[in-house]
>>> print(open('structure-v4.txt').read())   # compact mmCIF, C-alpha atoms and all ligand atoms
# COMPACT_ATOMS: atom_id res chain seq x y z
CA MET V 1 0.88 34.46 -87.66
CA GLN V 2 -2.22 35.87 -85.93
CA GLN V 3 -1.51 37.31 -82.47
CA ILE V 4 -3.90 36.78 -79.56
CA THR V 5 -5.04 40.12 -78.14
CA GLU V 6 -6.47 41.32 -74.85
CA LYS V 7 -9.57 42.33 -76.81
CA LEU V 8 -10.15 38.67 -77.72
CA VAL V 9 -9.85 37.74 -74.03
CA CYS V 10 -12.45 40.40 -73.13
CA GLN V 11 -14.81 38.93 -75.73
CA VAL V 12 -14.60 35.55 -73.95
CA ILE V 13 -14.65 36.59 -70.27
CA LYS V 14 -18.03 38.25 -69.88
CA PRO V 15 -19.85 39.18 -66.65
CA ARG V 16 -21.71 36.14 -65.32
CA THR V 17 -25.44 35.70 -65.69
CA GLN V 18 -26.87 36.17 -62.19
CA GLU V 19 -29.59 33.52 -62.75
CA SER V 20 -27.01 30.71 -62.56
CA HIS V 21 -25.55 28.00 -60.32
CA LYS V 22 -22.47 25.76 -60.22
CA GLY V 23 -24.03 23.50 -62.86
CA SER V 24 -24.09 26.47 -65.25
CA PHE V 25 -20.28 26.67 -65.35
CA GLY V 26 -19.31 23.14 -66.29
CA ARG V 27 -17.86 20.00 -64.78
CA VAL V 28 -14.15 19.23 -64.97
CA LEU V 29 -12.24 16.03 -64.14
CA THR V 30 -8.46 16.30 -63.82
CA ILE V 31 -6.64 12.96 -64.01
CA GLY V 32 -3.00 12.54 -62.98
CA GLY V 33 -0.62 12.94 -60.08
CA ASN V 34 1.19 9.71 -59.19
CA GLN V 35 2.95 9.31 -55.84
CA TYR V 36 5.88 11.47 -57.04
CA PHE V 37 4.07 14.20 -59.00
CA GLY V 38 1.02 15.02 -56.85
CA GLY V 39 1.75 18.73 -57.12
CA ALA V 40 1.14 18.69 -60.87
CA ILE V 41 -2.48 17.56 -60.63
CA ILE V 42 -3.14 19.73 -57.57
CA MET V 43 -2.08 22.76 -59.63
CA SER V 44 -4.19 21.65 -62.59
CA ALA V 45 -7.30 21.16 -60.43
CA SER V 46 -6.62 24.44 -58.58
CA ALA V 47 -6.35 26.41 -61.81
CA ALA V 48 -9.67 24.90 -62.97
CA VAL V 49 -11.38 25.95 -59.72
CA TYR V 50 -9.83 29.44 -59.63
CA SER V 51 -10.62 30.10 -63.30
CA GLY V 52 -14.27 29.40 -62.59
CA ALA V 53 -15.20 25.82 -63.46
CA GLY V 54 -18.48 25.04 -61.66
CA LEU V 55 -17.48 21.64 -60.27
CA VAL V 56 -14.02 20.08 -60.24
CA THR V 57 -13.13 16.49 -59.40
CA CYS V 58 -9.57 15.17 -59.25
CA ALA V 59 -8.74 11.55 -60.06
CA THR V 60 -5.34 10.85 -58.55
CA ASP V 61 -3.24 8.49 -56.42
CA PRO V 62 -4.88 8.30 -52.95
CA GLN V 63 -1.55 9.42 -51.47
CA ASN V 64 -2.45 12.90 -52.78
CA PHE V 65 -5.93 13.11 -51.26
CA VAL V 66 -4.89 14.81 -48.00
CA SER V 67 -2.62 17.38 -49.62
CA LEU V 68 -5.19 18.08 -52.33
CA HIS V 69 -7.95 18.65 -49.78
CA ALA V 70 -5.68 20.82 -47.65
CA ARG V 71 -4.85 23.05 -50.64
CA LEU V 72 -8.19 22.89 -52.44
CA PRO V 73 -11.24 21.88 -50.39
CA GLU V 74 -13.48 22.93 -53.32
CA ALA V 75 -12.39 19.84 -55.29
CA MET V 76 -13.77 16.31 -54.96
CA VAL V 77 -11.43 13.34 -55.24
CA VAL V 78 -11.46 9.83 -56.63
CA ASP V 79 -8.83 7.07 -56.78
CA TYR V 80 -7.56 7.07 -60.37
CA ARG V 81 -7.24 3.28 -60.28
CA ASP V 82 -10.95 2.81 -59.47
CA GLN V 83 -12.35 2.08 -62.93
CA GLN V 84 -15.89 1.57 -61.66
CA MET V 85 -15.99 5.06 -60.11
CA LEU V 86 -14.32 6.59 -63.15
CA ALA V 87 -16.84 4.93 -65.45
CA GLU V 88 -19.67 6.49 -63.42
CA LEU V 89 -18.08 9.95 -63.28
CA LEU V 90 -16.77 10.32 -66.82
CA PRO V 91 -20.10 10.71 -68.65
CA GLN V 92 -21.04 13.64 -66.36
CA MET V 93 -18.01 15.70 -67.34
CA ASP V 94 -17.74 18.55 -69.83
CA VAL V 95 -13.94 18.68 -69.76
CA LEU V 96 -11.29 16.10 -68.93
CA VAL V 97 -7.62 16.86 -68.30
CA ILE V 98 -5.27 13.89 -68.41
CA GLY V 99 -1.53 13.79 -67.91
CA PRO V 100 -0.15 16.30 -65.40
CA GLY V 101 2.11 14.22 -63.17
CA LEU V 102 0.52 10.99 -64.42
CA GLY V 103 3.89 9.31 -65.03
CA THR V 104 4.56 6.80 -67.77
CA ASP V 105 4.44 3.45 -65.95
CA ALA V 106 1.96 0.56 -66.45
CA THR V 107 -0.59 2.11 -64.07
CA ALA V 108 -0.49 5.40 -65.99
CA LEU V 109 -0.89 3.63 -69.32
CA ALA V 110 -3.87 1.60 -68.05
CA ILE V 111 -5.59 4.79 -66.81
CA LEU V 112 -4.96 6.60 -70.08
CA LYS V 113 -6.29 3.68 -72.15
CA PHE V 114 -9.37 3.43 -69.93
CA VAL V 115 -10.14 7.13 -70.29
CA PHE V 116 -9.67 6.88 -74.08
CA SER V 117 -12.16 3.98 -74.11
CA GLN V 118 -14.79 5.95 -72.15
CA VAL V 119 -14.57 9.55 -73.40
CA GLN V 120 -17.47 10.75 -75.54
CA SER V 121 -17.23 12.69 -78.77
CA GLN V 122 -18.69 15.96 -77.43
CA GLN V 123 -16.36 16.07 -74.40
CA HIS V 124 -13.23 18.24 -74.34
CA LEU V 125 -10.13 16.15 -73.62
CA ILE V 126 -6.95 18.04 -72.73
CA ILE V 127 -3.93 15.76 -73.10
CA ASP V 128 -0.79 17.02 -71.33
CA GLY V 129 2.58 16.02 -69.93
CA SER V 130 3.06 12.29 -69.35
CA ALA V 131 -0.09 11.45 -71.33
CA ILE V 132 1.45 13.06 -74.44
CA THR V 133 4.62 11.02 -73.92
CA LEU V 134 2.54 7.83 -73.57
CA VAL V 135 0.45 8.55 -76.69
CA ALA V 136 3.71 9.02 -78.62
CA GLN V 137 5.62 6.05 -77.16
CA GLN V 138 2.71 3.60 -77.37
CA GLN V 139 1.35 4.99 -80.66
CA LEU V 140 -2.13 5.04 -79.13
CA THR V 141 -5.12 5.57 -81.39
CA LEU V 142 -6.88 8.79 -80.43
CA PRO V 143 -10.51 8.54 -79.34
CA SER V 144 -13.30 10.57 -80.89
CA ALA V 145 -13.45 13.67 -78.67
CA GLN V 146 -12.67 17.41 -78.71
CA ILE V 147 -8.94 16.87 -78.19
CA VAL V 148 -6.46 19.57 -77.15
CA PHE V 149 -2.79 18.58 -76.88
CA THR V 150 -0.58 20.88 -74.77
CA PRO V 151 3.00 19.75 -75.50
CA HIS V 152 6.15 21.70 -74.70
CA GLN V 153 8.70 21.49 -77.50
CA MET V 154 10.25 18.23 -76.27
CA GLU V 155 6.85 16.57 -75.90
CA TRP V 156 5.91 17.90 -79.35
CA GLN V 157 9.06 16.27 -80.74
CA ARG V 158 7.92 12.94 -79.26
CA LEU V 159 4.38 13.32 -80.59
CA SER V 160 5.05 14.79 -84.03
CA GLY V 161 8.51 13.39 -84.78
CA LEU V 162 9.70 16.95 -85.52
CA THR V 163 12.99 17.93 -83.89
CA LEU V 164 13.07 21.36 -82.23
CA ALA V 165 14.81 22.80 -85.32
CA GLU V 166 12.12 21.32 -87.58
CA GLN V 167 9.25 22.83 -85.56
CA THR V 168 8.42 25.57 -88.06
CA PRO V 169 4.85 26.86 -88.37
CA ALA V 170 4.36 24.98 -91.66
CA ASN V 171 5.66 21.68 -90.25
CA ASN V 172 3.69 22.13 -87.02
CA GLN V 173 0.48 22.80 -88.93
CA ALA V 174 0.98 19.70 -91.10
CA ALA V 175 1.56 17.55 -88.00
CA GLN V 176 -1.50 19.05 -86.29
CA GLN V 177 -3.65 18.24 -89.33
CA LYS V 178 -2.49 14.62 -89.20
CA LEU V 179 -3.53 14.42 -85.54
CA ALA V 180 -6.89 16.11 -86.31
CA ALA V 181 -6.79 17.82 -82.90
CA THR V 182 -6.00 21.23 -81.47
CA VAL V 183 -2.31 21.56 -80.61
CA ILE V 184 -0.77 24.16 -78.30
CA VAL V 185 3.00 24.08 -78.83
CA LYS V 186 4.37 25.70 -75.67
CA SER V 187 7.55 27.75 -75.73
CA HIS V 188 8.63 31.33 -75.03
CA ARG V 189 6.12 32.37 -77.72
CA THR V 190 3.54 29.58 -77.64
CA GLU V 191 1.80 28.71 -80.92
CA ILE V 192 -1.77 27.44 -81.17
CA TYR V 193 -2.95 25.27 -84.06
CA LEU V 194 -6.73 25.00 -84.24
CA PRO V 195 -8.39 22.76 -86.85
CA GLY V 196 -9.28 24.70 -89.99
CA GLN V 197 -7.63 27.98 -88.90
CA PRO V 198 -4.33 29.71 -89.57
CA ALA V 199 -1.93 29.46 -86.62
CA TRP V 200 -2.07 31.81 -83.64
CA GLN V 201 0.79 33.07 -81.48
CA ASN V 202 0.69 34.16 -77.85
CA PRO V 203 2.50 37.53 -77.67
CA VAL V 204 2.76 37.67 -73.84
CA GLY V 205 4.65 35.75 -71.13
CA SER V 206 8.30 35.83 -70.10
CA ALA V 207 11.17 33.86 -68.60
CA ALA V 208 9.62 34.55 -65.19
CA MET V 209 7.36 31.61 -66.15
CA ALA V 210 10.18 29.08 -66.55
CA THR V 211 9.27 27.12 -63.40
CA GLY V 212 8.11 23.50 -62.97
CA GLY V 213 4.33 23.27 -62.82
CA MET V 214 3.67 26.19 -65.15
CA GLY V 215 2.21 23.92 -67.84
CA ASP V 216 0.17 21.99 -65.27
CA CYS V 217 -1.37 25.32 -64.30
CA LEU V 218 -2.22 26.07 -67.95
CA THR V 219 -4.19 22.80 -68.29
CA GLY V 220 -6.52 23.90 -65.47
CA ILE V 221 -7.11 27.34 -66.99
CA LEU V 222 -7.92 25.72 -70.33
CA ALA V 223 -10.34 23.36 -68.58
CA GLY V 224 -12.00 26.15 -66.60
CA PHE V 225 -12.47 28.27 -69.71
CA LEU V 226 -13.76 25.40 -71.88
CA ALA V 227 -16.14 24.34 -69.10
CA GLN V 228 -17.82 27.72 -68.56
CA PHE V 229 -17.35 29.54 -71.89
CA SER V 230 -18.58 26.58 -73.89
CA ALA V 231 -20.22 28.52 -76.74
CA ALA V 232 -16.92 29.27 -78.48
CA PRO V 233 -14.28 26.64 -77.66
CA ALA V 234 -11.62 27.95 -80.06
CA GLN V 235 -11.84 31.47 -78.59
CA SER V 236 -11.81 30.03 -75.06
CA ILE V 237 -8.59 28.13 -75.78
CA LEU V 238 -6.87 31.25 -77.14
CA ALA V 239 -8.11 33.35 -74.22
CA ALA V 240 -6.87 30.77 -71.69
CA VAL V 241 -3.36 30.69 -73.17
CA TYR V 242 -3.18 34.50 -73.14
CA THR V 243 -4.62 34.80 -69.60
CA HIS V 244 -1.99 32.40 -68.15
CA SER V 245 0.88 34.51 -69.50
CA ALA V 246 -0.74 37.94 -69.03
CA ILE V 247 -1.18 37.28 -65.31
CA SER V 248 2.49 36.32 -65.11
CA ASP V 249 3.42 39.57 -66.89
CA GLN V 250 1.38 41.58 -64.36
CA LEU V 251 3.10 39.80 -61.44
CA ALA V 252 6.51 40.09 -63.12
CA GLN V 253 6.37 43.87 -62.83
CA GLN V 254 7.30 43.25 -59.18
CA GLN V 255 8.70 39.69 -59.21
CA TYR V 256 11.76 38.01 -60.74
CA VAL V 257 9.90 34.68 -61.01
CA THR V 258 6.14 34.06 -61.01
CA LEU V 259 5.00 30.79 -59.49
CA PRO V 260 2.14 28.70 -60.89
CA THR V 261 0.37 28.91 -57.52
CA GLN V 262 0.63 32.73 -57.63
CA ILE V 263 -0.84 32.81 -61.13
CA ILE V 264 -3.67 30.57 -59.91
CA ALA V 265 -4.38 32.89 -56.95
CA ALA V 266 -4.48 35.91 -59.28
CA LEU V 267 -6.97 34.36 -61.76
CA PRO V 268 -10.23 35.64 -60.20
CA ALA V 269 -9.02 39.28 -60.06
CA TYR V 270 -7.64 39.19 -63.62
CA MET V 271 -10.87 37.68 -64.92
CA ALA V 272 -12.93 40.35 -63.14
CA GLN V 273 -10.72 43.01 -64.74
CA MET V 274 -11.18 41.53 -68.24
CA SER V 275 -14.93 41.07 -67.77
CA GLN V 276 -15.31 44.78 -66.97
CA GLU V 277 -13.30 46.11 -69.91
CA LYS V 278 -15.29 47.45 -72.82
N1 LIG Q 1 5.24 19.52 -59.11
C1 LIG Q 1 5.09 18.48 -59.91
O1 LIG Q 1 4.56 17.43 -59.54
C2 LIG Q 1 5.57 18.58 -61.32
C3 LIG Q 1 5.32 17.53 -62.17
N2 LIG Q 1 5.63 17.58 -63.49
C4 LIG Q 1 5.21 16.44 -64.33
O2 LIG Q 1 6.37 15.72 -64.66
C5 LIG Q 1 6.12 14.91 -65.80
C6 LIG Q 1 7.29 15.04 -66.76
O3 LIG Q 1 7.26 16.30 -67.43
P1 LIG Q 1 8.58 17.13 -67.79
O4 LIG Q 1 8.14 18.22 -68.70
O5 LIG Q 1 9.32 17.53 -66.56
O6 LIG Q 1 9.54 16.08 -68.49
P2 LIG Q 1 9.90 15.77 -70.03
O7 LIG Q 1 10.89 14.69 -69.98
O8 LIG Q 1 8.68 15.57 -70.84
O9 LIG Q 1 10.57 17.09 -70.61
C7 LIG Q 1 11.39 17.94 -69.87
C8 LIG Q 1 12.62 18.36 -70.68
O10 LIG Q 1 12.29 18.93 -71.93
C9 LIG Q 1 13.19 19.99 -72.22
N3 LIG Q 1 12.55 21.06 -73.03
C10 LIG Q 1 12.90 21.46 -74.27
N4 LIG Q 1 12.13 22.47 -74.71
C11 LIG Q 1 11.26 22.72 -73.72
C12 LIG Q 1 10.23 23.67 -73.57
N5 LIG Q 1 9.92 24.56 -74.51
N6 LIG Q 1 9.51 23.65 -72.44
C13 LIG Q 1 9.78 22.77 -71.45
N7 LIG Q 1 10.76 21.85 -71.53
C14 LIG Q 1 11.50 21.82 -72.66
C15 LIG Q 1 13.65 20.53 -70.86
O11 LIG Q 1 15.04 20.71 -70.90
C16 LIG Q 1 13.29 19.48 -69.86
O12 LIG Q 1 14.42 18.93 -69.23
C17 LIG Q 1 4.79 15.43 -66.39
O13 LIG Q 1 3.75 14.55 -66.05
C18 LIG Q 1 4.59 16.75 -65.68
O14 LIG Q 1 3.22 17.07 -65.60
C19 LIG Q 1 6.22 18.78 -64.08
O15 LIG Q 1 5.13 19.53 -64.55
C20 LIG Q 1 7.01 19.58 -63.07
C21 LIG Q 1 6.26 19.82 -61.77
N1 LIG Q 2 10.84 31.69 -71.09
C1 LIG Q 2 9.50 31.61 -71.17
N2 LIG Q 2 8.78 32.58 -71.78
C2 LIG Q 2 7.43 32.50 -71.84
N3 LIG Q 2 6.72 31.44 -71.39
C3 LIG Q 2 7.37 30.44 -70.79
C4 LIG Q 2 8.80 30.46 -70.64
N4 LIG Q 2 9.18 29.32 -70.01
C5 LIG Q 2 8.05 28.61 -69.77
N5 LIG Q 2 6.97 29.28 -70.24
C6 LIG Q 2 5.58 28.80 -70.22
O1 LIG Q 2 5.38 27.96 -69.08
C7 LIG Q 2 4.70 26.76 -69.44
C8 LIG Q 2 5.62 25.56 -69.22
O2 LIG Q 2 4.93 24.36 -69.50
P1 LIG Q 2 5.60 22.95 -69.18
O3 LIG Q 2 6.98 22.91 -69.71
O4 LIG Q 2 4.64 21.91 -69.63
O5 LIG Q 2 5.66 23.00 -67.57
P2 LIG Q 2 5.41 21.88 -66.46
O6 LIG Q 2 5.29 20.55 -67.15
O7 LIG Q 2 6.60 21.96 -65.56
O8 LIG Q 2 4.15 22.24 -65.77
C9 LIG Q 2 4.26 26.95 -70.89
O9 LIG Q 2 2.98 27.55 -70.95
C10 LIG Q 2 5.32 27.91 -71.43
O10 LIG Q 2 4.86 28.66 -72.53
MG MG Q 3 4.22 20.03 -68.76
>>> encode(input="structure-v4.txt", output="structure tokens", more="lines below")
Ligand SMILES: NC(=O)C1=CN([C@@H]2O[C@H](COP(=O)(O)OP(=O)(O)OC[C@H]3O[C@@H](n4cnc5c(N)ncnc54)[C@H](O)[C@@H]3O)[C@@H](O)[C@H]2O)[C@@H](O)CC1
Ligand SMILES: Nc1ncnc2c1ncn2[C@@H]1O[C@H](COP(=O)(O)OP(=O)(O)O)[C@@H](O)[C@H]1O
Ligand SMILES: [Mg+2]
Amino acid sequence: MQQITEKLVCQVIKPRTQESHKGSFGRVLTIGGNQYFGGAIIMSASAAVYSGAGLVTCATDPQNFVSLHARLPEAMVVDYRDQQMLAELLPQMDVLVIGPGLGTDATALAILKFVFSQVQSQQHLIIDGSAITLVAQQQLTLPSAQIVFTPHQMEWQRLSGLTLAEQTPANNQAAQQKLAATVIVKSHRTEIYLPGQPAWQNPVGSAAMATGGMGDCLTGILAGFLAQFSAAPAQSILAAVYTHSAISDQLAQQQYVTLPTQIIAALPAYMAQMSQEK
């Protein structure tokens, strides 16, 4: 299996063009966070902002508006039940994230179906957490879009029908081809299945990352990278997966556990470091 390298990350994270503005670095909408899981979508939106997305909006339960603004005043908010507002916002977006903390109730399903009905074929759609569970349970037809699934092994079992023991590279690749989407199967050594490519493995990361919210954080990094490094989406996806774990490894030199919020805070410095390496 091909291993992602730091060199690949440096090829993606380049110094920014000075003649630029927030519109140059992409628009992201993160959708999720019910009344119980607000933290998940706050971490996703935060990771998108801290990894450099130009403009980030968060569609969530209004109960999360105050905490989101307190943590992340850079983000705009919208009520995820407000279909009229969502219909206006969606076409402006380069990247959509759906699922962190969305839950699997009727409200969540209605939001997911609405987003599937509105997304356009050129838009990147990152499907995570509860949204993966809903796609699997409800056997939803996937829309035409640039889809990236980010399941952990249990979510991948729901989506692919493969038990953990059956999740071999060959079986995973066959299941990914059936879905006709990019699939990031998250584990200790995460595997990335991109359409038309041999599989990739992430060689970095450790048990210091085994904390709730770590995958929510990854969705935001993926969104930030896809939004601003839009010329090479496959490379951006690989670089985002590596960056998430490499930052944890740096922090883990001094820490027993590395929190998603600490990885988010360290994103700008890590990206500056990578952008300066030859
Ligand atoms: N602060 C928050 O608001 C948080 C909200 N979360 C949200 O909670 C919802 C449910 O997601 P969960 O993942 O907790 O629940 P799931 O029911 O989808 O899966 C969790 C179970 O899968 C098992 N598992 C097996 N292999 C695994 C692997 N490689 N990685 C992770 N788990 C593995 C674990 O034992 C775990 O108990 C999602 O929408 C998620 O985004 C979680 O991200 C946790 C933090
Ligand atoms: N032991 C580990 N070694 C390396 N990476 C890990 C380990 N445990 C968790 N991770 C990483 O943390 C993330 C967990 O994602 P996920 O289970 O979706 O978290 P959550 O839903 O709580 O946000 C994945 O990127 C996974 O690869
Ligand atoms: Mg998750």
>>> residues_around(input="structure-v4.txt", residues="V:Gln157", least_positions_apart="6", cutoff="10 Å", atoms="all atoms listed in the file", output="PyMOL selection string")
chain V and resi 133+136+151+163-167
>>> write_last_selection(input="structure-v4.txt", atoms="C-alpha atoms", output="mmCIF file, in the coordinates of the input")
data_model
loop_
_atom_site.group_PDB
_atom_site.id
_atom_site.type_symbol
_atom_site.label_atom_id
_atom_site.label_comp_id
_atom_site.auth_asym_id
_atom_site.auth_seq_id
_atom_site.Cartn_x
_atom_site.Cartn_y
_atom_site.Cartn_z
ATOM 1 C CA THR V 133 4.620 11.020 -73.920
ATOM 2 C CA ALA V 136 3.710 9.020 -78.620
ATOM 3 C CA PRO V 151 3.000 19.750 -75.500
ATOM 4 C CA THR V 163 12.990 17.930 -83.890
ATOM 5 C CA LEU V 164 13.070 21.360 -82.230
ATOM 6 C CA ALA V 165 14.810 22.800 -85.320
ATOM 7 C CA GLU V 166 12.120 21.320 -87.580
ATOM 8 C CA GLN V 167 9.250 22.830 -85.560
#
>>> axis_aligned_box(input="structure-v4.txt", around="ligand LIG 2 (chain Q)", padding_each_side="4 Å", output="JSON")
{"center_x": 6.9, "center_y": 26.6, "center_z": -69.0, "size_x": 15.9, "size_y": 20.0, "size_z": 15.0}
>>> closest_residue(input="structure-v4.txt", among="V:Pro169, V:Gly213, V:Gly224, V:Gly23", to="ligand MG 3 (chain Q)", atoms="only C-alpha atoms and all ligand atoms")
V:Gly213
>>> closest_atom_pairs(input="structure-v4.txt", of="chain V", to="ligand LIG 2 (chain Q)", cutoff="6 Å", atoms="all atoms listed in the file", output="JSON lines")
{"residue": "V:Gly129", "atom": "CA", "partner": "Q:LIG2", "partner_atom": "O6", "distance": 6.0}
{"residue": "V:His152", "atom": "CA", "partner": "Q:LIG2", "partner_atom": "O3", "distance": 5.2}
{"residue": "V:Lys186", "atom": "CA", "partner": "Q:LIG2", "partner_atom": "O10", "distance": 4.3}
{"residue": "V:Ser187", "atom": "CA", "partner": "Q:LIG2", "partner_atom": "O10", "distance": 4.3}
{"residue": "V:His188", "atom": "CA", "partner": "Q:LIG2", "partner_atom": "N2", "distance": 3.5}
{"residue": "V:Thr190", "atom": "CA", "partner": "Q:LIG2", "partner_atom": "O10", "distance": 5.4}
{"residue": "V:Gly205", "atom": "CA", "partner": "Q:LIG2", "partner_atom": "C2", "distance": 4.3}
{"residue": "V:Ser206", "atom": "CA", "partner": "Q:LIG2", "partner_atom": "N2", "distance": 3.7}
{"residue": "V:Ala207", "atom": "CA", "partner": "Q:LIG2", "partner_atom": "N1", "distance": 3.3}
{"residue": "V:Met209", "atom": "CA", "partner": "Q:LIG2", "partner_atom": "N5", "distance": 4.7}
{"residue": "V:Ala210", "atom": "CA", "partner": "Q:LIG2", "partner_atom": "N4", "distance": 3.6}
{"residue": "V:Gly212", "atom": "CA", "partner": "Q:LIG2", "partner_atom": "O7", "distance": 3.4}
{"residue": "V:Gly213", "atom": "CA", "partner": "Q:LIG2", "partner_atom": "O8", "distance": 3.1}
{"residue": "V:Met214", "atom": "CA", "partner": "Q:LIG2", "partner_atom": "O8", "distance": 4.0}
{"residue": "V:Gly215", "atom": "CA", "partner": "Q:LIG2", "partner_atom": "O2", "distance": 3.2}
{"residue": "V:Asp216", "atom": "CA", "partner": "Q:LIG2", "partner_atom": "O8", "distance": 4.0}
>>> residues_around(input="structure-v4.txt", residues="stretch 68-74 of chain V", least_positions_apart="3", cutoff="10 Å", atoms="all atoms listed in the file", output="PyMOL selection string")
chain V and resi 38-39+41-43+45-46+49-50+54-58+60+62-65+77
>>> write_last_selection(input="structure-v4.txt", atoms="C-alpha atoms", output="JSON list (two decimals), keeping the file's coordinate frame")
[["chain", "number", "residue", "atom", "x", "y", "z"],
["V", 38, "GLY", "CA", 1.02, 15.02, -56.85],
["V", 39, "GLY", "CA", 1.75, 18.73, -57.12],
["V", 41, "ILE", "CA", -2.48, 17.56, -60.63],
["V", 42, "ILE", "CA", -3.14, 19.73, -57.57],
["V", 43, "MET", "CA", -2.08, 22.76, -59.63],
["V", 45, "ALA", "CA", -7.30, 21.16, -60.43],
["V", 46, "SER", "CA", -6.62, 24.44, -58.58],
["V", 49, "VAL", "CA", -11.38, 25.95, -59.72],
["V", 50, "TYR", "CA", -9.83, 29.44, -59.63],
["V", 54, "GLY", "CA", -18.48, 25.04, -61.66],
["V", 55, "LEU", "CA", -17.48, 21.64, -60.27],
["V", 56, "VAL", "CA", -14.02, 20.08, -60.24],
["V", 57, "THR", "CA", -13.13, 16.49, -59.40],
["V", 58, "CYS", "CA", -9.57, 15.17, -59.25],
["V", 60, "THR", "CA", -5.34, 10.85, -58.55],
["V", 62, "PRO", "CA", -4.88, 8.30, -52.95],
["V", 63, "GLN", "CA", -1.55, 9.42, -51.47],
["V", 64, "ASN", "CA", -2.45, 12.90, -52.78],
["V", 65, "PHE", "CA", -5.93, 13.11, -51.26],
["V", 77, "VAL", "CA", -11.43, 13.34, -55.24]]
>>> atom_distance(input="structure-v4.txt", atom1="atom CA of V:Thr182", atom2="atom CA of V:Ile127")
10.2 Å
>>> closest_residue(input="structure-v4.txt", among="V:Thr30, V:Asn171, V:Ser121, V:Ser236", to="ligand LIG 1 (chain Q)", atoms="only C-alpha atoms and all ligand atoms")
V:Thr30
>>> closest_residue(input="structure-v4.txt", among="V:Val183, V:Val204, V:Ile31, V:Ala131", to="V:Phe149", atoms="all atoms listed in the file")
V:Val183
>>> residues_near_point(input="structure-v4.txt", point="(2.7, 15.1, -66.3)", cutoff="9 Å", atoms="all atoms listed in the file", output="list in words")
Gly32, Gly33, Phe37, Ala40, Ile41, Ile98, Gly99, Pro100, Gly101, Leu102, Gly103, Thr104, Asp128, Gly129, Ser130, Ala131, Ile132, Thr133, Gly215 and Asp216 of chain V
>>> closest_residue(input="structure-v4.txt", among="V:Ala208, V:Pro233, V:Ala110, V:Leu29", to="V:Gln255", atoms="only C-alpha atoms")
V:Ala208
>>> decode(input="structure-v4.txt", residues="stretch 119-132 of chain V", atoms="N, CA and C atoms", output="compact mmCIF listing (two decimals), in the first residue's frame")
# COMPACT_ATOMS: atom_id res chain seq x y z
N VAL V 119 -27.27 19.45 -3.38
CA VAL V 119 -25.84 19.52 -3.68
C VAL V 119 -25.61 19.42 -5.19
N GLN V 120 -24.57 20.13 -5.65
CA GLN V 120 -24.28 20.14 -7.09
C GLN V 120 -23.06 19.28 -7.38
N SER V 121 -22.96 18.86 -8.64
CA SER V 121 -21.98 17.81 -8.97
C SER V 121 -20.54 18.25 -8.75
N GLN V 122 -20.24 19.55 -8.86
CA GLN V 122 -18.84 19.98 -8.69
C GLN V 122 -18.48 20.19 -7.23
N GLN V 123 -19.46 20.18 -6.33
CA GLN V 123 -19.18 20.47 -4.92
C GLN V 123 -18.62 19.24 -4.19
N HIS V 124 -17.68 19.50 -3.26
CA HIS V 124 -17.15 18.42 -2.43
C HIS V 124 -18.13 18.20 -1.28
N LEU V 125 -18.48 16.96 -1.03
CA LEU V 125 -19.43 16.62 0.03
C LEU V 125 -18.78 15.57 0.93
N ILE V 126 -18.41 16.00 2.15
CA ILE V 126 -17.78 15.10 3.11
C ILE V 126 -18.88 14.53 4.01
N ILE V 127 -19.03 13.22 3.98
CA ILE V 127 -20.12 12.56 4.72
C ILE V 127 -19.49 11.80 5.88
N ASP V 128 -19.86 12.19 7.12
CA ASP V 128 -19.19 11.66 8.31
C ASP V 128 -20.23 11.22 9.35
N GLY V 129 -19.74 10.48 10.32
CA GLY V 129 -20.48 10.19 11.56
C GLY V 129 -21.91 9.73 11.33
N SER V 130 -22.85 10.44 11.96
CA SER V 130 -24.26 10.06 11.89
C SER V 130 -24.78 10.00 10.45
N ALA V 131 -24.25 10.84 9.57
CA ALA V 131 -24.74 10.84 8.19
C ALA V 131 -24.37 9.53 7.49
N ILE V 132 -23.22 8.96 7.85
CA ILE V 132 -22.84 7.65 7.28
C ILE V 132 -23.81 6.59 7.78
